[in-house]
Amino acid sequence: MKYNHRNFSTPLIIASGLIIAISGVMMFFHIGKDVVKLMHEWIGIIMAAATLLHIQFHWRSFKQYFSKKTGLAVISFILLGASALALTPIEHKPHPDKQLIELYSEKSLEQIASFEERNIEQLLIDLEIANFSVSSEQLSLKDIAQENHARPFELINAIINPEY
């Protein structure tokens, strides 16, 4: 029986290409985040290897695309676009939720009550309902979270979204 590389190279390109396309769209819309990014990266490596094998197996056909104006134009356009994106500096701003957590984490309950335009007693009740104890109103939210073996986000959530 004659060995036929098309039995695995083309399906490998098709499957990995579909996964890269789907995970790329998911990453663009921030769906799945870490798991999708990890999948995208690993399947991308598989696709890169499969692409190199595919080019090797189809070298004569591959070379022809560089001699045709349309093929060369499409390849050039994609490579130039990708290069422009890769070289474009991106301003990395922290996510607003993260900024809020960092801002609130360092504040005392008195400061947070003032900012939330609520009284300190109500904040203490909200935290108590959410099963958090507060030893001092002067402690930062970060310190209160540590005392309760929790994350500051959990306390902020109890303050902003009380359970009653």
# chains A, B, ... in the order shown; residues from 1 in each chain; ligands from 1
call {"tool": "residues_around", "arguments": {"residues": "Glu102 in chain A", "least_positions_apart": "2", "cutoff": "12 Å", "atoms": "only C-alpha atoms", "output": "list in words"}}
result
Pro94, His95, Pro96, Asp97, Lys98, Gln99, Leu100, Tyr104, Ser105, Glu106, Lys107, Ser140, Leu141, Lys142, Arg151, Pro152, Phe153 and Ile156 of chain A
call {"tool": "residues_around", "arguments": {"residues": "Ile75 in chain A", "least_positions_apart": "6", "cutoff": "12 Å", "atoms": "only C-alpha atoms", "output": "NGL selection string"}}
result
:A and (62 or 65-69 or 81-82)
call {"tool": "write_last_selection", "arguments": {"atoms": "C-alpha atoms", "output": "short mmCIF file (atom, residue, chain, number, x, y, z; two decimals), in the first residue's frame"}}
result
data_model
loop_
_atom_site.label_atom_id
_atom_site.label_comp_id
_atom_site.auth_asym_id
_atom_site.auth_seq_id
_atom_site.Cartn_x
_atom_site.Cartn_y
_atom_site.Cartn_z
CA PHE A 62 3.10 26.28 -3.24
CA TYR A 65 1.44 31.13 -5.79
CA PHE A 66 4.52 33.34 -5.75
CA SER A 67 4.57 33.56 -9.55
CA LYS A 68 0.91 34.61 -9.90
CA LYS A 69 0.01 38.27 -9.32
CA GLY A 81 -1.14 43.61 7.67
CA ALA A 82 0.18 41.13 10.23
#
call {"tool": "residues_around", "arguments": {"residues": "Lys33 in chain A", "least_positions_apart": "6", "cutoff": "10 Å", "atoms": "only C-alpha atoms", "output": "ChimeraX atom specification"}}
result
/A:23,26-27
call {"tool": "write_last_selection", "arguments": {"atoms": "N, CA and C atoms", "output": "mmCIF file, in the first residue's frame"}}
result
data_model
loop_
_atom_site.group_PDB
_atom_site.id
_atom_site.type_symbol
_atom_site.label_atom_id
_atom_site.label_comp_id
_atom_site.auth_asym_id
_atom_site.auth_seq_id
_atom_site.Cartn_x
_atom_site.Cartn_y
_atom_site.Cartn_z
ATOM 1 N N SER A 23 -11.009 29.907 18.284
ATOM 2 C CA SER A 23 -10.409 30.417 19.520
ATOM 3 C C SER A 23 -9.941 31.863 19.346
ATOM 4 N N MET A 26 -12.978 33.884 19.850
ATOM 5 C CA MET A 26 -13.310 33.872 21.282
ATOM 6 C C MET A 26 -12.385 34.808 22.061
ATOM 7 N N MET A 27 -11.105 34.812 21.737
ATOM 8 C CA MET A 27 -10.160 35.701 22.413
ATOM 9 C C MET A 27 -10.491 37.159 22.107
#
call {"tool": "closest_residue", "arguments": {"among": "A:Leu12, A:Ile159, A:Leu79, A:Ala73", "to": "Ile43 in chain A", "atoms": "only C-alpha atoms"}}
result
A:Leu12
call {"tool": "residues_around", "arguments": {"residues": "Asn7 in chain A", "least_positions_apart": "6", "cutoff": "12 Å", "atoms": "only C-alpha atoms", "output": "ChimeraX atom specification"}}
result
/A:13-14,54,57
call {"tool": "write_last_selection", "arguments": {"atoms": "N, CA and C atoms", "output": "tab-separated table (two decimals), in the first residue's frame"}}
result
chain	number	residue	atom	x	y	z
A	13	ILE	N	-4.42	20.33	8.89
A	13	ILE	CA	-4.50	21.77	8.58
A	13	ILE	C	-5.94	22.25	8.77
A	14	ILE	N	-6.91	21.50	8.27
A	14	ILE	CA	-8.32	21.91	8.38
A	14	ILE	C	-8.75	21.99	9.84
A	54	HIS	N	2.70	20.53	5.23
A	54	HIS	CA	1.83	20.71	4.08
A	54	HIS	C	2.59	21.40	2.94
A	57	PHE	N	4.99	18.91	1.42
A	57	PHE	CA	4.31	17.92	0.58
A	57	PHE	C	3.78	18.51	-0.72
call {"tool": "atom_distance", "arguments": {"atom1": "CA of Leu87 in chain A", "atom2": "CA of Ile20 in chain A"}}
result
21.5 Å
call {"tool": "closest_residue", "arguments": {"among": "A:Ser83, A:Ser9, A:Ser16, A:Gln64", "to": "Trp42 in chain A", "atoms": "only C-alpha atoms"}}
result
A:Ser16
call {"tool": "residues_around", "arguments": {"residues": "Phe132 in chain A", "least_positions_apart": "4", "cutoff": "12 Å", "atoms": "only C-alpha atoms", "output": "PyMOL selection string"}}
result
chain A and resi 123-128+141+143-152+154-159
call {"tool": "write_last_selection", "arguments": {"atoms": "C-alpha atoms", "output": "PDB file, in the first residue's frame"}}
result
ATOM      1  CA  LEU A 123     -21.378  48.704  55.609  1.00  0.00           C
ATOM      2  CA  LEU A 124     -20.690  46.716  58.786  1.00  0.00           C
ATOM      3  CA  ILE A 125     -24.148  45.127  58.557  1.00  0.00           C
ATOM      4  CA  ASP A 126     -23.576  44.282  54.866  1.00  0.00           C
ATOM      5  CA  LEU A 127     -20.261  42.621  55.705  1.00  0.00           C
ATOM      6  CA  GLU A 128     -21.773  40.767  58.674  1.00  0.00           C
ATOM      7  CA  LEU A 141     -10.364  46.417  53.154  1.00  0.00           C
ATOM      8  CA  ASP A 143      -6.504  43.852  55.979  1.00  0.00           C
ATOM      9  CA  ILE A 144     -10.121  42.917  56.737  1.00  0.00           C
ATOM     10  CA  ALA A 145     -10.009  40.427  53.853  1.00  0.00           C
ATOM     11  CA  GLN A 146      -6.816  38.877  55.246  1.00  0.00           C
ATOM     12  CA  GLU A 147      -8.389  38.548  58.708  1.00  0.00           C
ATOM     13  CA  ASN A 148     -11.323  36.730  57.110  1.00  0.00           C
ATOM     14  CA  HIS A 149      -9.176  34.577  54.797  1.00  0.00           C
ATOM     15  CA  ALA A 150     -10.885  36.147  51.809  1.00  0.00           C
ATOM     16  CA  ARG A 151     -10.042  38.271  48.798  1.00  0.00           C
ATOM     17  CA  PRO A 152     -10.736  42.026  48.792  1.00  0.00           C
ATOM     18  CA  GLU A 154     -15.364  39.370  47.951  1.00  0.00           C
ATOM     19  CA  LEU A 155     -15.696  42.176  50.510  1.00  0.00           C
ATOM     20  CA  ILE A 156     -16.200  44.799  47.812  1.00  0.00           C
ATOM     21  CA  ASN A 157     -18.901  42.626  46.295  1.00  0.00           C
ATOM     22  CA  ALA A 158     -20.634  42.366  49.700  1.00  0.00           C
ATOM     23  CA  ILE A 159     -20.517  46.166  50.057  1.00  0.00           C
TER      24      ILE A 159
END
call {"tool": "select_by_dssp", "arguments": {"residues": "range 45-91 of chain A", "states": "helix (DSSP H, G or I)", "output": "PyMOL selection string"}}
result
chain A and resi 45-57+59-65+69-87
call {"tool": "decode", "arguments": {"residues": "range 88-104 of chain A", "atoms": "C-alpha atoms", "output": "PDB file, in the first residue's frame"}}
result
ATOM      1  CA  THR A  88       1.822  48.644  16.576  1.00  0.00           C
ATOM      2  CA  PRO A  89       2.421  49.623  20.210  1.00  0.00           C
ATOM      3  CA  ILE A  90      -0.516  48.803  22.435  1.00  0.00           C
ATOM      4  CA  GLU A  91      -1.312  50.852  25.512  1.00  0.00           C
ATOM      5  CA  HIS A  92      -1.907  48.416  28.358  1.00  0.00           C
ATOM      6  CA  LYS A  93      -4.364  49.919  30.795  1.00  0.00           C
ATOM      7  CA  PRO A  94      -5.529  47.891  33.765  1.00  0.00           C
ATOM      8  CA  HIS A  95      -9.125  46.737  33.595  1.00  0.00           C
ATOM      9  CA  PRO A  96     -11.507  49.144  35.397  1.00  0.00           C
ATOM     10  CA  ASP A  97     -12.641  46.359  37.757  1.00  0.00           C
ATOM     11  CA  LYS A  98      -9.039  45.748  38.771  1.00  0.00           C
ATOM     12  CA  GLN A  99      -8.480  49.473  39.280  1.00  0.00           C
ATOM     13  CA  LEU A 100     -11.568  49.658  41.506  1.00  0.00           C
ATOM     14  CA  ILE A 101     -10.436  46.689  43.582  1.00  0.00           C
ATOM     15  CA  GLU A 102      -6.948  48.151  44.005  1.00  0.00           C
ATOM     16  CA  LEU A 103      -8.388  51.549  44.912  1.00  0.00           C
ATOM     17  CA  TYR A 104     -10.862  50.145  47.439  1.00  0.00           C
TER      18      TYR A 104
END
